[in-house]
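**Student:** Here you go, this is start-v2.cif (mmCIF, C-alpha atoms and all ligand atoms).
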data_target
#
loop_
_atom_site.label_atom_id
_atom_site.label_comp_id
_atom_site.auth_asym_id
_atom_site.auth_seq_id
_atom_site.Cartn_x
_atom_site.Cartn_y
_atom_site.Cartn_z
CA MET R 268 65.45 37.35 19.39
CA LEU R 269 62.43 35.37 18.23
CA ASN R 270 59.33 36.13 20.23
CA VAL R 271 56.12 34.12 20.01
CA GLU R 272 53.07 35.28 21.92
CA THR R 273 49.78 33.41 22.34
CA LEU R 274 50.10 31.83 18.92
CA SER R 275 47.20 29.61 17.80
CA LYS R 276 46.54 27.77 14.57
CA SER R 277 43.39 26.06 13.39
CA TYR R 278 42.64 24.29 10.13
CA ARG R 279 38.96 24.91 9.52
CA ASP R 280 37.56 24.36 13.01
CA ILE R 281 40.25 21.96 14.21
CA ASN R 282 42.62 23.56 16.68
CA ILE R 283 46.22 22.42 16.09
CA LEU R 284 48.28 24.88 18.14
CA ASN R 285 46.77 26.50 21.18
CA GLN R 286 48.12 29.74 22.65
CA LEU R 287 51.84 29.04 22.45
CA SER R 288 54.22 31.58 23.97
CA PHE R 289 58.02 31.32 24.05
CA HIS R 290 61.13 33.17 23.00
CA VAL R 291 64.49 32.14 21.58
CA GLU R 292 67.76 34.00 22.21
CA PRO R 293 70.60 34.33 19.67
CA GLY R 294 72.87 31.28 19.85
CA GLU R 295 70.21 29.02 21.35
CA ILE R 296 69.31 25.60 19.97
CA ILE R 297 65.73 24.64 20.73
CA GLY R 298 64.44 21.10 20.29
CA LEU R 299 60.84 20.65 19.24
CA VAL R 300 59.31 17.33 20.25
CA GLY R 301 55.87 15.76 20.38
CA GLU R 302 53.96 12.83 18.95
CA ASN R 303 53.08 12.61 15.24
CA GLY R 304 50.36 15.08 14.38
CA ALA R 305 51.07 17.28 17.43
CA GLY R 306 51.73 20.30 15.21
CA LYS R 307 55.55 20.51 15.02
CA SER R 308 55.69 20.99 11.25
CA THR R 309 52.80 23.46 11.45
CA LEU R 310 54.71 25.56 14.00
CA LEU R 311 57.88 25.50 11.86
CA GLN R 312 55.89 26.49 8.77
CA ILE R 313 54.46 29.48 10.64
CA LEU R 314 57.92 30.48 11.87
CA ALA R 315 59.20 30.13 8.28
CA THR R 316 56.41 32.52 7.10
CA ILE R 317 54.92 29.78 4.90
CA ALA R 318 51.74 29.42 6.96
CA LYS R 319 49.91 32.15 8.85
CA PRO R 320 48.84 31.85 12.48
CA SER R 321 45.12 32.10 13.22
CA ASN R 322 45.90 34.20 16.27
CA GLY R 323 48.82 35.65 18.20
CA THR R 324 51.94 37.61 17.30
CA VAL R 325 55.43 36.60 16.20
CA THR R 326 58.43 38.93 15.93
CA LEU R 327 62.03 38.37 14.82
CA ASN R 328 64.42 41.03 16.08
CA ASP R 329 61.43 43.34 16.45
CA LEU R 330 60.25 42.77 12.88
CA SER R 331 56.58 41.80 12.74
CA TYR R 332 55.63 38.57 10.97
CA ALA R 333 52.25 40.03 10.09
CA LYS R 334 53.62 43.22 8.50
CA GLN R 335 57.26 42.67 7.53
CA TYR R 336 57.43 39.05 6.38
CA LYS R 337 59.37 39.89 3.21
CA GLU R 338 62.17 41.41 5.28
CA ILE R 339 61.97 38.55 7.78
CA ARG R 340 62.45 35.93 5.04
CA LYS R 341 65.95 37.25 4.42
CA TRP R 342 66.92 36.12 7.91
CA ILE R 343 65.36 32.66 7.84
CA GLY R 344 66.77 29.33 6.72
CA PHE R 345 64.22 26.53 6.45
CA VAL R 346 64.73 22.85 5.73
CA PRO R 347 61.34 21.16 5.30
CA GLN R 348 60.68 17.53 6.24
CA ASP R 349 61.15 16.33 2.66
CA VAL R 350 64.48 16.94 0.99
CA ALA R 351 64.12 19.51 -1.81
CA ILE R 352 67.09 19.47 -4.17
CA TRP R 353 67.73 18.79 -7.86
CA GLU R 354 68.56 15.08 -8.17
CA GLU R 355 69.98 15.30 -11.69
CA LEU R 356 72.33 18.19 -10.92
CA THR R 357 75.67 17.94 -9.10
CA VAL R 358 76.26 19.32 -5.60
CA GLU R 359 78.07 22.28 -7.17
CA GLU R 360 75.21 23.00 -9.59
CA ASN R 361 72.65 22.80 -6.79
CA MET R 362 74.63 25.23 -4.63
CA LEU R 363 75.06 27.67 -7.55
CA PHE R 364 71.38 27.42 -8.46
CA PHE R 365 70.17 28.15 -4.93
CA GLU R 366 72.73 30.93 -4.51
CA LYS R 367 71.10 32.68 -7.48
CA LEU R 368 67.70 32.38 -5.80
CA SER R 369 69.00 33.69 -2.49
CA TRP R 370 69.43 37.28 -1.38
CA SER R 371 73.17 36.97 -1.09
CA ASN R 372 76.25 37.00 -3.25
CA ARG R 373 78.51 34.11 -2.36
CA THR R 374 81.54 33.02 -4.34
CA LYS R 375 81.95 29.45 -5.55
CA ASP R 376 84.75 28.97 -2.99
CA GLU R 377 82.47 30.12 -0.17
CA LEU R 378 79.76 27.73 -1.30
CA LYS R 379 82.22 24.87 -1.46
CA LYS R 380 83.51 25.71 2.02
CA LEU R 381 79.94 25.54 3.36
CA CYS R 382 79.73 21.93 2.13
CA ILE R 383 83.20 20.95 3.33
CA ASP R 384 82.51 22.40 6.81
CA MET R 385 79.64 19.92 7.01
CA ASN R 386 81.85 17.05 5.85
CA LEU R 387 80.12 16.93 2.49
CA SER R 388 83.17 16.48 0.33
CA LYS R 389 81.38 15.41 -2.87
CA TRP R 390 81.20 18.44 -5.12
CA THR R 391 81.01 17.26 -8.71
CA GLU R 392 78.85 14.15 -8.18
CA PRO R 393 75.18 14.16 -9.25
CA VAL R 394 72.92 14.37 -6.20
CA LYS R 395 71.12 11.15 -7.12
CA THR R 396 74.30 9.19 -6.35
CA LEU R 397 74.59 10.57 -2.80
CA SER R 398 73.47 8.82 0.39
CA GLY R 399 70.43 10.08 2.34
CA GLY R 400 72.74 11.63 4.93
CA MET R 401 74.67 13.54 2.29
CA LYS R 402 71.48 14.82 0.68
CA ARG R 403 70.37 16.09 4.09
CA LYS R 404 73.69 17.87 4.52
CA LEU R 405 73.32 19.45 1.09
CA ASN R 406 69.81 20.62 1.97
CA LEU R 407 71.19 22.12 5.17
CA ALA R 408 74.08 23.78 3.31
CA ILE R 409 71.57 25.33 0.87
CA SER R 410 69.54 26.75 3.75
CA LEU R 411 72.68 28.47 5.06
CA ILE R 412 73.76 30.17 1.81
CA HIS R 413 72.24 33.52 2.78
CA GLN R 414 73.60 33.35 6.36
CA PRO R 415 70.26 33.20 8.20
CA LYS R 416 69.86 34.23 11.82
CA LEU R 417 66.98 31.82 12.41
CA LEU R 418 67.40 28.25 11.21
CA LEU R 419 64.32 26.01 11.15
CA LEU R 420 64.84 22.31 10.56
CA ASP R 421 62.08 19.73 10.29
CA GLU R 422 63.47 16.31 11.25
CA PRO R 423 66.90 16.98 9.69
CA THR R 424 68.38 13.75 10.98
CA VAL R 425 65.59 11.26 10.39
CA GLY R 426 66.56 8.11 8.48
CA ILE R 427 70.25 8.92 8.10
CA ASP R 428 73.38 7.19 9.34
CA LEU R 429 74.77 7.86 12.81
CA LYS R 430 77.96 9.49 11.51
CA SER R 431 76.02 12.04 9.45
CA ARG R 432 73.69 12.66 12.39
CA LYS R 433 76.63 13.43 14.67
CA GLU R 434 78.22 15.65 12.04
CA ILE R 435 75.02 17.61 11.52
CA GLY R 436 74.62 18.00 15.29
CA ALA R 437 78.18 19.24 15.71
CA TYR R 438 77.70 21.64 12.82
CA LEU R 439 74.52 23.11 14.31
CA LYS R 440 76.27 23.64 17.63
CA LYS R 441 79.10 25.46 15.86
CA GLN R 442 76.69 27.69 13.91
CA ALA R 443 74.82 28.62 17.06
CA LYS R 444 77.95 29.34 19.06
CA GLU R 445 80.07 31.15 16.50
CA HIS R 446 77.43 33.02 14.50
CA LYS R 447 74.73 33.40 17.17
CA VAL R 448 72.25 31.59 14.94
CA MET R 449 68.95 30.61 16.58
CA VAL R 450 68.13 27.01 15.72
CA ILE R 451 64.77 25.30 16.15
CA TYR R 452 64.62 21.70 15.07
CA THR R 453 62.36 18.71 15.46
CA SER R 454 63.59 15.24 16.25
CA HIS R 455 62.33 12.01 17.76
CA ASP R 456 65.81 11.08 18.92
CA MET R 457 66.02 11.90 22.61
CA ASP R 458 69.78 11.23 22.80
CA GLU R 459 70.31 13.79 20.07
CA ILE R 460 68.01 16.31 21.79
CA GLN R 461 69.98 15.72 25.00
CA ASP R 462 73.28 16.23 23.21
CA ILE R 463 72.51 19.30 21.13
CA CYS R 464 69.68 21.39 22.57
CA HIS R 465 69.76 24.07 25.23
CA ARG R 466 66.01 23.96 25.81
CA VAL R 467 63.12 21.89 24.55
CA ILE R 468 59.60 22.74 23.47
CA CYS R 469 57.19 19.85 23.94
CA ILE R 470 53.93 20.16 22.01
CA GLY R 471 50.94 18.17 23.22
CA ASN R 472 50.29 16.27 26.40
CA ASP R 473 51.83 12.90 25.57
CA PRO R 474 53.33 11.78 28.93
CA PHE R 475 56.03 9.79 27.11
CA TYR R 476 57.81 12.93 25.97
CA HIS R 477 57.30 14.77 29.23
CA ASN R 478 58.76 11.85 31.21
CA MET R 479 61.73 11.50 28.87
CA LEU R 480 62.46 15.20 29.08
CA GLN R 481 62.15 15.31 32.84
CA LYS R 482 64.70 12.50 33.10
CA SER R 483 67.04 14.35 30.75
CA GLY R 484 67.14 17.36 33.06
CA LYS R 485 66.67 19.73 30.11
CA GLU R 486 64.75 22.91 30.62
CA ILE R 487 61.31 22.36 29.13
CA ILE R 488 59.46 25.30 27.63
CA SER R 489 55.91 24.74 28.79
CA ILE R 490 53.37 25.62 26.18
N1 LIG A 501 47.30 22.17 5.40
C1 LIG A 501 46.61 21.49 6.32
N2 LIG A 501 45.25 21.41 6.27
C2 LIG A 501 44.56 20.74 7.22
N3 LIG A 501 45.14 20.09 8.25
C3 LIG A 501 46.46 20.12 8.35
C4 LIG A 501 47.29 20.81 7.40
N4 LIG A 501 48.60 20.67 7.77
C5 LIG A 501 48.58 19.90 8.88
N5 LIG A 501 47.32 19.58 9.24
C6 LIG A 501 46.95 18.78 10.41
O1 LIG A 501 47.52 19.38 11.54
C7 LIG A 501 47.96 18.40 12.48
C8 LIG A 501 49.42 18.66 12.82
O2 LIG A 501 50.21 18.30 11.70
P1 LIG A 501 51.79 18.51 11.68
O3 LIG A 501 52.08 19.93 12.00
O4 LIG A 501 52.27 17.99 10.39
O5 LIG A 501 52.26 17.58 12.90
P2 LIG A 501 53.69 16.95 13.24
O6 LIG A 501 54.71 17.63 12.38
O7 LIG A 501 53.89 17.20 14.71
O8 LIG A 501 53.59 15.49 12.97
C9 LIG A 501 47.68 17.04 11.87
O9 LIG A 501 46.49 16.56 12.41
C10 LIG A 501 47.52 17.36 10.39
O10 LIG A 501 46.64 16.45 9.79
MG MG A 502 56.04 16.93 11.00
#
Is it possible to give me this structure as structure tokens?
**Tutor:**
Amino acid sequence: MLNVETLSKSYRDINILNQLSFHVEPGEIIGLVGENGAGKSTLLQILATIAKPSNGTVTLNDLSYAKQYKEIRKWIGFVPQDVAIWEELTVEENMLFFEKLSWSNRTKDELKKLCIDMNLSKWTEPVKTLSGGMKRKLNLAISLIHQPKLLLLDEPTVGIDLKSRKEIGAYLKKQAKEHKVMVIYTSHDMDEIQDICHRVICIGNDPFYHNMLQKSGKEIISI
């Protein structure tokens, strides 16, 4: 379980996140919504151990973010807002490269299966020839190499075709259900949030998001 208690974050004296508390159970998919600049990426960066909170405590399966972040990193998969892969290398070479950097030992067949499960069938093509949707899938596949228990995705479906969006959504649901992965992901697409998420965290007071969520009938985590 991921447990966040009274988490705050300021940059210099500007308060971005203010006393957030929530928890996520294994197998849950949590949507993270809010207007631009609300602090969604900041929250994901903190949960990915890349940024430190100014105040509050975070634990993952009873491991403390403040004290045991090196251990925690083994359990986290993070896909930042900007795609981060080697454009000149093939899909295969990217997967092999990131496998070496990871904490796990996966065979080439296992790596290939990860891509195929996501409907990314290109294996020997250079990444620069792939569509935006395929690059996103590859980035997601890379984040899953070490079989994380907490998957953090920053706008994984922005700017990609509908088919890829649906495939990524279906894949996330499968991961959560079959492997009890906790997924937190940001999106501006309310239909997608409605389709995929169990609960939704709404950051900020923008009434637009609150109204949309109330109409959707989703459980809103008030923070
Ligand atoms: N490293 C940083 N230093 C100073 N301010 C930052 C930094 N990162 C983000 N911010 C500010 O924090 C606010 C929230 O940003 P962000 O988390 O990227 O929002 P969102 O992802 O919801 O659009 C913005 O006002 C942004 O300018
Ligand atoms: Mg952002």
**Student:** Can you tell me which residues sit at most 8 Å away from ligand LIG 501 (chain A), counting all atoms listed in the file, written as a PyMOL selection string?
**Tutor:** chain R and resi 278-279+281+283+300-310+421+470
**Student:** Need the shell around region 355-372 of chain R: protein/DNA/RNA residues with any atom at most 10 Å away, counting all atoms listed in the file. Skip same-chain ones fewer than 3 positions apart. Format as a VMD selection string?
**Tutor:** chain R and resid 340 to 342 352 375 377 to 379 381 to 382 387 to 397 401 to 402 405 to 406 408 to 414
**Student:** R:Leu439, R:Leu284, R:Leu417, R:Ile383: which is nearest Leu327 (chain R), counting only C-alpha atoms?
**Tutor:** R:Leu417
**Student:** The residues within 12 Å of (55.7, 27.6, 11.6), using all atoms listed in the file and the coordinates of the file, should be reported as a ChimeraX atom specification; which are they?
**Tutor:** /R:271,274-276,283-284,287,299,306-321,325,332,343,345-347,418-421,451-453
**Student:** Between R:Gly294, R:Gly344, R:Pro423, R:Gly399, which has the minimum distance to ligand MG 502 (chain A) (counting all atoms listed in the file)?
**Tutor:**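 Nearest candidate to ligand MG 502 (chain A) out of R:Gly294, R:Gly344, R:Pro423, R:Gly399: R:Pro423.
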**Student:** Using all atoms listed in the file, pick whichever of R:Thr324, R:Asp456, R:Glu295, R:Lys485 has the shortest atom-to-atom distance to Glu272 (chain R).
**Tutor:**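 Among the listed residues, R:Thr324 lies closest to Glu272 (chain R).
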**Student:** Between R:Lys337, R:His455, R:His446, R:Lys430, which is the closest to Gly400 (chain R) once you count only C-alpha atoms?
**Tutor:**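 Closest residue, counting only C-alpha atoms: R:Lys430.
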**Student:** Pick out the residues sitting within 8 Å of Ile435 (chain R), and hand them over as number ranges by chain; count only C-alpha atoms, and ignore anything fewer than 2 positions along from it in its own chain.
**Tutor:** R: 385, 404, 424, 431-433, 437-439
**Student:** So what do you get for CA of Arg466 (chain R) versus CA of Gln335 (chain R), distance-wise?
**Tutor:** 27.6 Å
**Student:** Expressed in Å to a single decimal, how great is the separation between CA of Asn285 (chain R) and CA of Thr273 (chain R)?
**Tutor:**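 Between CA of Asn285 (chain R) and CA of Thr273 (chain R) the gap works out to 7.6 Å.
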**Student:** To one decimal in Å, tell me the separation between CA of Asp329 (chain R) and CA of Met268 (chain R).
**Tutor:**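 Between these atoms lies a distance of 7.8 Å.
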**Student:** Could you check the closest approach to ligand MG 502 (chain A) for each of R:Thr326, R:Thr374, R:Ser454, R:Asn282 and tell me which residue wins, using all atoms listed in the file?
**Tutor:**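 The answer is R:Ser454, which sits nearest to ligand MG 502 (chain A).
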**Student:** So which one's closest to ligand MG 502 (chain A), R:Glu434, R:Glu422, R:Glu445, R:Asp473? Using only C-alpha atoms and all ligand atoms, please.
**Tutor:**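 Selected residue with least distance to ligand MG 502 (chain A): R:Glu422.
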**Student:** At a cut-off of 10 Å, using all atoms listed in the file, what residues contact Gln461 (chain R)? Leave out same-chain residues fewer than 4 positions from it and give the result as a PyMOL selection string.
**Tutor:** chain R and resi 298+456-457+465-467+480+483-485
**Student:** Kindly list the centre and edge lengths in Å, rounded to one decimal, for the axis-aligned box that covers all listed atoms of region 371-387 of chain R plus 8 Å on each of its six sides, as AutoDock Vina command-line options.
**Tutor:**
--center_x 79.0 --center_y 27.0 --center_z 0.7 --size_x 27.6 --size_y 36.1 --size_z 28.6
**Student:** Reconstruct N, CA and C atoms of region 320-354 of chain R from the incomplete input and present them as a PDB file, in the coordinates of the input.
**Tutor:**
ATOM      1  N   PRO R 320      49.560  32.258  11.267  1.00  0.00           N
ATOM      2  CA  PRO R 320      48.840  31.850  12.480  1.00  0.00           C
ATOM      3  C   PRO R 320      47.390  32.334  12.431  1.00  0.00           C
ATOM      4  N   SER R 321      46.512  31.640  13.130  1.00  0.00           N
ATOM      5  CA  SER R 321      45.120  32.100  13.220  1.00  0.00           C
ATOM      6  C   SER R 321      45.019  33.237  14.219  1.00  0.00           C
ATOM      7  N   ASN R 322      45.885  33.180  15.224  1.00  0.00           N
ATOM      8  CA  ASN R 322      45.900  34.200  16.270  1.00  0.00           C
ATOM      9  C   ASN R 322      47.289  34.330  16.870  1.00  0.00           C
ATOM     10  N   GLY R 323      47.544  35.461  17.515  1.00  0.00           N
ATOM     11  CA  GLY R 323      48.820  35.650  18.200  1.00  0.00           C
ATOM     12  C   GLY R 323      49.797  36.456  17.367  1.00  0.00           C
ATOM     13  N   THR R 324      50.937  36.802  17.996  1.00  0.00           N
ATOM     14  CA  THR R 324      51.940  37.610  17.300  1.00  0.00           C
ATOM     15  C   THR R 324      53.307  36.921  17.350  1.00  0.00           C
ATOM     16  N   VAL R 325      54.064  37.110  16.257  1.00  0.00           N
ATOM     17  CA  VAL R 325      55.430  36.600  16.200  1.00  0.00           C
ATOM     18  C   VAL R 325      56.317  37.741  15.723  1.00  0.00           C
ATOM     19  N   THR R 326      57.462  37.924  16.389  1.00  0.00           N
ATOM     20  CA  THR R 326      58.430  38.930  15.930  1.00  0.00           C
ATOM     21  C   THR R 326      59.821  38.315  15.878  1.00  0.00           C
ATOM     22  N   LEU R 327      60.614  38.771  14.915  1.00  0.00           N
ATOM     23  CA  LEU R 327      62.030  38.370  14.820  1.00  0.00           C
ATOM     24  C   LEU R 327      62.845  39.646  14.844  1.00  0.00           C
ATOM     25  N   ASN R 328      63.648  39.796  15.876  1.00  0.00           N
ATOM     26  CA  ASN R 328      64.420  41.030  16.080  1.00  0.00           C
ATOM     27  C   ASN R 328      63.535  42.266  15.850  1.00  0.00           C
ATOM     28  N   ASP R 329      62.403  42.235  16.485  1.00  0.00           N
ATOM     29  CA  ASP R 329      61.430  43.340  16.450  1.00  0.00           C
ATOM     30  C   ASP R 329      60.746  43.548  15.103  1.00  0.00           C
ATOM     31  N   LEU R 330      61.011  42.700  14.131  1.00  0.00           N
ATOM     32  CA  LEU R 330      60.250  42.770  12.880  1.00  0.00           C
ATOM     33  C   LEU R 330      58.972  41.946  13.050  1.00  0.00           C
ATOM     34  N   SER R 331      57.870  42.472  12.556  1.00  0.00           N
ATOM     35  CA  SER R 331      56.580  41.800  12.740  1.00  0.00           C
ATOM     36  C   SER R 331      56.312  40.804  11.616  1.00  0.00           C
ATOM     37  N   TYR R 332      55.967  39.579  11.980  1.00  0.00           N
ATOM     38  CA  TYR R 332      55.630  38.570  10.970  1.00  0.00           C
ATOM     39  C   TYR R 332      54.406  38.987  10.159  1.00  0.00           C
ATOM     40  N   ALA R 333      53.474  39.665  10.790  1.00  0.00           N
ATOM     41  CA  ALA R 333      52.250  40.030  10.090  1.00  0.00           C
ATOM     42  C   ALA R 333      52.513  41.113   9.046  1.00  0.00           C
ATOM     43  N   LYS R 334      53.447  42.048   9.384  1.00  0.00           N
ATOM     44  CA  LYS R 334      53.620  43.220   8.500  1.00  0.00           C
ATOM     45  C   LYS R 334      54.898  43.198   7.678  1.00  0.00           C
ATOM     46  N   GLN R 335      55.955  42.537   8.198  1.00  0.00           N
ATOM     47  CA  GLN R 335      57.260  42.670   7.530  1.00  0.00           C
ATOM     48  C   GLN R 335      57.830  41.313   7.105  1.00  0.00           C
ATOM     49  N   TYR R 336      56.955  40.413   6.645  1.00  0.00           N
ATOM     50  CA  TYR R 336      57.430  39.050   6.380  1.00  0.00           C
ATOM     51  C   TYR R 336      58.445  38.966   5.245  1.00  0.00           C
ATOM     52  N   LYS R 337      58.398  39.934   4.312  1.00  0.00           N
ATOM     53  CA  LYS R 337      59.370  39.890   3.210  1.00  0.00           C
ATOM     54  C   LYS R 337      60.782  40.155   3.732  1.00  0.00           C
ATOM     55  N   GLU R 338      60.886  41.110   4.655  1.00  0.00           N
ATOM     56  CA  GLU R 338      62.170  41.410   5.280  1.00  0.00           C
ATOM     57  C   GLU R 338      62.624  40.223   6.146  1.00  0.00           C
ATOM     58  N   ILE R 339      61.662  39.664   6.875  1.00  0.00           N
ATOM     59  CA  ILE R 339      61.970  38.550   7.780  1.00  0.00           C
ATOM     60  C   ILE R 339      62.546  37.352   7.014  1.00  0.00           C
ATOM     61  N   ARG R 340      62.014  37.098   5.823  1.00  0.00           N
ATOM     62  CA  ARG R 340      62.450  35.930   5.040  1.00  0.00           C
ATOM     63  C   ARG R 340      63.951  35.956   4.749  1.00  0.00           C
ATOM     64  N   LYS R 341      64.519  37.148   4.690  1.00  0.00           N
ATOM     65  CA  LYS R 341      65.950  37.250   4.420  1.00  0.00           C
ATOM     66  C   LYS R 341      66.789  36.653   5.556  1.00  0.00           C
ATOM     67  N   TRP R 342      66.165  36.560   6.722  1.00  0.00           N
ATOM     68  CA  TRP R 342      66.920  36.120   7.910  1.00  0.00           C
ATOM     69  C   TRP R 342      66.619  34.671   8.288  1.00  0.00           C
ATOM     70  N   ILE R 343      65.802  34.002   7.478  1.00  0.00           N
ATOM     71  CA  ILE R 343      65.360  32.660   7.840  1.00  0.00           C
ATOM     72  C   ILE R 343      65.936  31.602   6.907  1.00  0.00           C
ATOM     73  N   GLY R 344      66.424  30.517   7.491  1.00  0.00           N
ATOM     74  CA  GLY R 344      66.770  29.330   6.720  1.00  0.00           C
ATOM     75  C   GLY R 344      65.818  28.220   7.116  1.00  0.00           C
ATOM     76  N   PHE R 345      65.234  27.549   6.138  1.00  0.00           N
ATOM     77  CA  PHE R 345      64.220  26.530   6.450  1.00  0.00           C
ATOM     78  C   PHE R 345      64.518  25.253   5.672  1.00  0.00           C
ATOM     79  N   VAL R 346      64.587  24.151   6.388  1.00  0.00           N
ATOM     80  CA  VAL R 346      64.730  22.850   5.730  1.00  0.00           C
ATOM     81  C   VAL R 346      63.470  22.042   6.030  1.00  0.00           C
ATOM     82  N   PRO R 347      62.580  21.889   5.042  1.00  0.00           N
ATOM     83  CA  PRO R 347      61.340  21.160   5.300  1.00  0.00           C
ATOM     84  C   PRO R 347      61.596  19.663   5.495  1.00  0.00           C
ATOM     85  N   GLN R 348      60.542  18.953   5.906  1.00  0.00           N
ATOM     86  CA  GLN R 348      60.680  17.530   6.240  1.00  0.00           C
ATOM     87  C   GLN R 348      61.177  16.716   5.036  1.00  0.00           C
ATOM     88  N   ASP R 349      60.707  17.068   3.844  1.00  0.00           N
ATOM     89  CA  ASP R 349      61.150  16.330   2.660  1.00  0.00           C
ATOM     90  C   ASP R 349      62.287  17.081   1.984  1.00  0.00           C
ATOM     91  N   VAL R 350      63.317  16.330   1.627  1.00  0.00           N
ATOM     92  CA  VAL R 350      64.480  16.940   0.990  1.00  0.00           C
ATOM     93  C   VAL R 350      64.067  17.571  -0.342  1.00  0.00           C
ATOM     94  N   ALA R 351      64.504  18.797  -0.588  1.00  0.00           N
ATOM     95  CA  ALA R 351      64.120  19.510  -1.810  1.00  0.00           C
ATOM     96  C   ALA R 351      65.361  19.993  -2.547  1.00  0.00           C
ATOM     97  N   ILE R 352      65.918  19.109  -3.375  1.00  0.00           N
ATOM     98  CA  ILE R 352      67.090  19.470  -4.170  1.00  0.00           C
ATOM     99  C   ILE R 352      66.956  18.848  -5.561  1.00  0.00           C
ATOM    100  N   TRP R 353      67.791  19.304  -6.478  1.00  0.00           N
ATOM    101  CA  TRP R 353      67.730  18.790  -7.860  1.00  0.00           C
ATOM    102  C   TRP R 353      68.553  17.513  -7.954  1.00  0.00           C
ATOM    103  N   GLU R 354      67.896  16.395  -8.161  1.00  0.00           N
ATOM    104  CA  GLU R 354      68.560  15.080  -8.170  1.00  0.00           C
ATOM    105  C   GLU R 354      69.519  14.921  -9.348  1.00  0.00           C
TER     106      GLU R 354
END
